[in-house]
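*Asks:* Just passing along the structure, written as structure tokens.
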Amino acid sequence: MIMNNSDLAQILIRAVEEADSSDRLLDAVQELAAAGIEEAVPTLIAALGYNNPGAAVAAVDGLIAIGEAAVSPLLQLIDGYNYGARAWAIRALAGIGDVRALDTLLEAAKTDFSLSVRRAAARGLGTLRWQQVSPEKLESIQTQVLEALLLISQDPEWVVRYAAVTSLETLAIAIAVTLPDQASRITNQLQQMLDTDVDLGVRTRVKFAQEKIQQQQHQEVFAPKRKLQDTEVPHRGGSRR
């Protein structure tokens, strides 16, 4: 008998609902998350609120793997969660990177009292899928994210600043075309952090980000020249001396 996804989902969902111990719940959520079935989204979201961190981690991974289909349900229910479940939901949204979660990620990154939530949200701002944004809104949204990350990079917790650096790196590369005039604000902030941040790990990550940004700028400068040279090669090869 061949089982379709819907039948499999129902079996795995029932296993979660009927789990009678923490270990069985963890196993059931892990199996449901690994299946990657869209029908599992409500049950995986419910698992975020269980008093079982292992199951919550598995549910987050499953929701991220499912991706865009999980975004609307997460956003619709997030305000009604208890704090613990809401924190896990923000981690899931950050991992998915859908721009529909932008406002939630911005708020969490700037104001949440939990450093782990602020860190997850800050990282999420660096993984947003810019191709989802309409061209007429792209510059304004990227500017909004830039302003937020510049603020978050001054967070008192080093792990949040570290996450902000990773996102500033990816944003710098993204805005090289759309907002070239703003790119210097990122490079200036990174240099300031390199000079003044008290944490060695943050300063090390800043140096890595600076190198990646410089590499990208180098490629953009020399790519047109290489392309021109490539088009000239057949012409030179076609002539005999």
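As shown in the structure tokens, the chain order sets the letters A, B, ...; within each chain, residues go from 1, and ligands are also counted from 1 in the order they appear.
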Neighbouring residues of A:Ala148 were defined as those with any atom within 9 Å, considering only C-alpha atoms; residues of the same chain fewer than 3 positions away were excluded. Please report them as a ChimeraX atom specification.
*Replies:* /A:106,109-110,122,143-145,151-153
*Asks:* Dump as a tab-separated table the rows for residues of stretch 110-177 of chain A within 10 Å of stretch 186-195 of chain A: closest atom pair and distance in Å with one decimal, only C-alpha atoms counted, ordered by chain and rising residue number.
*Replies:*
```
residue	atom	partner	partner_atom	distance
A:Leu146	CA	A:Ile186	CA	8.0
A:Glu147	CA	A:Ile186	CA	9.9
A:Leu149	CA	A:Ile186	CA	9.2
A:Leu150	CA	A:Gln189	CA	7.2
A:Ser153	CA	A:Met193	CA	8.3
A:Gln154	CA	A:Met193	CA	8.7
A:Arg161	CA	A:Met193	CA	9.3
A:Val165	CA	A:Leu190	CA	7.5
A:Leu168	CA	A:Ile186	CA	6.6
A:Glu169	CA	A:Ile186	CA	8.1
A:Leu171	CA	A:Ile186	CA	8.6
A:Ala172	CA	A:Ile186	CA	6.6
```
*Asks:* Can I get the selection written as a compact mmCIF listing (two decimals), in the first residue's frame, with all heavy atoms?
*Replies:*
```txt
# COMPACT_ATOMS: atom_id res chain seq x y z
N LEU A 146 18.57 48.69 7.59
CA LEU A 146 19.88 49.28 7.88
C LEU A 146 19.84 50.08 9.18
O LEU A 146 20.72 49.92 10.04
CB LEU A 146 20.32 50.16 6.72
CG LEU A 146 21.57 51.02 6.95
CD1 LEU A 146 22.77 50.14 7.28
CD2 LEU A 146 21.85 51.89 5.73
N GLU A 147 18.84 50.93 9.33
CA GLU A 147 18.73 51.75 10.53
C GLU A 147 18.62 50.85 11.78
O GLU A 147 19.23 51.13 12.81
CB GLU A 147 17.51 52.67 10.45
CG GLU A 147 17.55 53.69 9.32
CD GLU A 147 18.60 54.77 9.54
OE1 GLU A 147 19.16 54.85 10.65
OE2 GLU A 147 18.85 55.55 8.60
N LEU A 149 19.69 47.69 12.14
CA LEU A 149 20.92 46.97 12.40
C LEU A 149 22.00 47.87 12.99
O LEU A 149 22.80 47.44 13.82
CB LEU A 149 21.42 46.29 11.13
CG LEU A 149 20.62 45.07 10.68
CD1 LEU A 149 21.10 44.59 9.31
CD2 LEU A 149 20.72 43.94 11.71
N LEU A 150 22.04 49.13 12.55
CA LEU A 150 23.00 50.06 13.13
C LEU A 150 22.71 50.26 14.62
O LEU A 150 23.64 50.39 15.43
CB LEU A 150 22.96 51.40 12.38
CG LEU A 150 23.47 51.38 10.94
CD1 LEU A 150 23.25 52.73 10.27
CD2 LEU A 150 24.94 50.98 10.89
N SER A 153 23.53 46.91 16.54
CA SER A 153 24.97 46.65 16.67
C SER A 153 25.56 47.31 17.91
O SER A 153 26.73 47.09 18.23
CB SER A 153 25.71 47.14 15.42
OG SER A 153 25.64 48.55 15.31
N GLN A 154 24.75 48.09 18.62
CA GLN A 154 25.18 48.70 19.88
C GLN A 154 24.53 48.04 21.09
O GLN A 154 24.59 48.55 22.21
CB GLN A 154 24.83 50.20 19.86
CG GLN A 154 25.44 50.95 18.68
CD GLN A 154 24.89 52.37 18.57
OE1 GLN A 154 24.93 53.13 19.54
NE2 GLN A 154 24.38 52.72 17.40
N ARG A 161 25.26 41.77 19.23
CA ARG A 161 26.14 42.57 18.36
C ARG A 161 26.78 41.68 17.30
O ARG A 161 26.91 42.07 16.13
CB ARG A 161 27.22 43.28 19.18
CG ARG A 161 26.68 44.24 20.23
CD ARG A 161 27.74 45.20 20.74
NE ARG A 161 28.92 44.56 21.29
CZ ARG A 161 29.03 44.11 22.54
NH1 ARG A 161 28.00 44.21 23.37
NH2 ARG A 161 30.14 43.56 22.97
N VAL A 165 26.43 42.04 13.22
CA VAL A 165 27.56 42.13 12.28
C VAL A 165 27.34 41.20 11.09
O VAL A 165 27.56 41.59 9.94
CB VAL A 165 28.89 41.81 12.99
CG1 VAL A 165 30.02 41.68 11.96
CG2 VAL A 165 29.23 42.89 14.00
N LEU A 168 24.80 42.88 8.95
CA LEU A 168 25.35 44.06 8.27
C LEU A 168 26.20 43.65 7.08
O LEU A 168 26.20 44.32 6.05
CB LEU A 168 26.17 44.89 9.25
CG LEU A 168 25.37 45.74 10.25
CD1 LEU A 168 26.29 46.32 11.31
CD2 LEU A 168 24.62 46.87 9.53
N GLU A 169 26.91 42.54 7.23
CA GLU A 169 27.72 42.03 6.11
C GLU A 169 26.85 41.69 4.91
O GLU A 169 27.11 42.14 3.79
CB GLU A 169 28.50 40.80 6.56
CG GLU A 169 29.28 40.12 5.44
CD GLU A 169 29.72 38.72 5.82
OE1 GLU A 169 30.17 38.53 6.96
OE2 GLU A 169 29.61 37.81 4.97
N LEU A 171 23.80 42.63 4.33
CA LEU A 171 23.09 43.81 3.85
C LEU A 171 24.00 44.71 3.02
O LEU A 171 23.58 45.26 2.00
CB LEU A 171 22.52 44.60 5.03
CG LEU A 171 21.69 45.83 4.66
CD1 LEU A 171 20.46 45.43 3.86
CD2 LEU A 171 21.27 46.61 5.90
N ALA A 172 25.25 44.83 3.43
CA ALA A 172 26.20 45.65 2.67
C ALA A 172 26.34 45.14 1.24
O ALA A 172 26.41 45.92 0.29
CB ALA A 172 27.56 45.66 3.37
```
*Asks:* Could you list, as a list in words, every residue within 8 Å of stretch 22-32 of chain A, counting only C-alpha atoms and ignoring same-chain residues fewer than 4 positions away?
*Replies:*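 Surrounding residues, per the criterion: Ala9, Leu12, Ile13, Ala15, Val16, Gly36, Ile37, Ala40, Leu44, Ala47, Asn52, Gly54, Ala55, Ala58, Ala59 and Gly62 of chain A.
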*Asks:* Which residues in stretch 27-215 of chain A does DSSP call alpha helix (DSSP H)? List them as a VMD selection string.
*Replies:* chain A and resid 27 to 35 41 to 47 53 to 66 71 to 77 83 to 96 102 to 111 115 to 125 135 to 152 158 to 178 183 to 196 200 to 215
*Asks:* Applying 8 Å and only C-alpha atoms, which residues near stretch 86-99 of chain A remain after dropping the ones on its own chain fewer than 5 positions away? List them as a VMD selection string.
*Replies:* chain A and resid 45 48 56 to 57 60 to 61 63 to 65 67 to 68 71 74 78 to 79 81 104 to 105 108 117 120 to 121 123 to 125 127 to 130 132 to 133
*Asks:* I'd like a table as JSON lines: residues in stretch 94-162 of chain A with an atom no more than 8 Å from stretch 201-222 of chain A, each row giving the shortest atom pair and its distance in Å to one decimal, only C-alpha atoms counted, sorted by chain and rising residue number.
*Replies:*
```
{"residue": "A:Trp158", "atom": "CA", "partner": "A:Val202", "partner_atom": "CA", "distance": 6.8}
{"residue": "A:Val159", "atom": "CA", "partner": "A:Val202", "partner_atom": "CA", "distance": 8.0}
{"residue": "A:Arg161", "atom": "CA", "partner": "A:Val202", "partner_atom": "CA", "distance": 7.0}
{"residue": "A:Tyr162", "atom": "CA", "partner": "A:Val202", "partner_atom": "CA", "distance": 5.2}
```
*Asks:* Export N, CA, C and O atoms of the chosen residues as a CSV table (one decimal), in the first residue's frame?
*Replies:*
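Below is the file again.csv, written as the result:
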```csv
chain,number,residue,atom,x,y,z
A,158,TRP,N,27.0,40.9,23.8
A,158,TRP,CA,27.9,40.6,22.7
A,158,TRP,C,27.3,39.7,21.6
A,158,TRP,O,27.6,39.9,20.4
A,159,VAL,N,26.5,38.7,22.0
A,159,VAL,CA,25.9,37.8,21.0
A,159,VAL,C,25.0,38.5,20.1
A,159,VAL,O,24.9,38.1,18.9
A,161,ARG,N,25.3,41.8,19.2
A,161,ARG,CA,26.1,42.6,18.4
A,161,ARG,C,26.8,41.7,17.3
A,161,ARG,O,26.9,42.1,16.1
A,162,TYR,N,27.2,40.5,17.7
A,162,TYR,CA,27.8,39.5,16.8
A,162,TYR,C,26.8,39.2,15.6
A,162,TYR,O,27.2,39.2,14.4
```
*Asks:* Given only C-alpha atoms as the basis, pick out the residue of A:Ile66, A:Ala183, A:Val160, A:Leu77 nearest to A:Phe113.
*Replies:* A:Val160
*Asks:* Give me the residues near A:Pro73 as a ChimeraX atom specification, where near means some atom within 8 Å (using only C-alpha atoms) and where sequence neighbours in that chain fewer than 4 positions away do not count.
*Replies:* /A:41-42,69,77
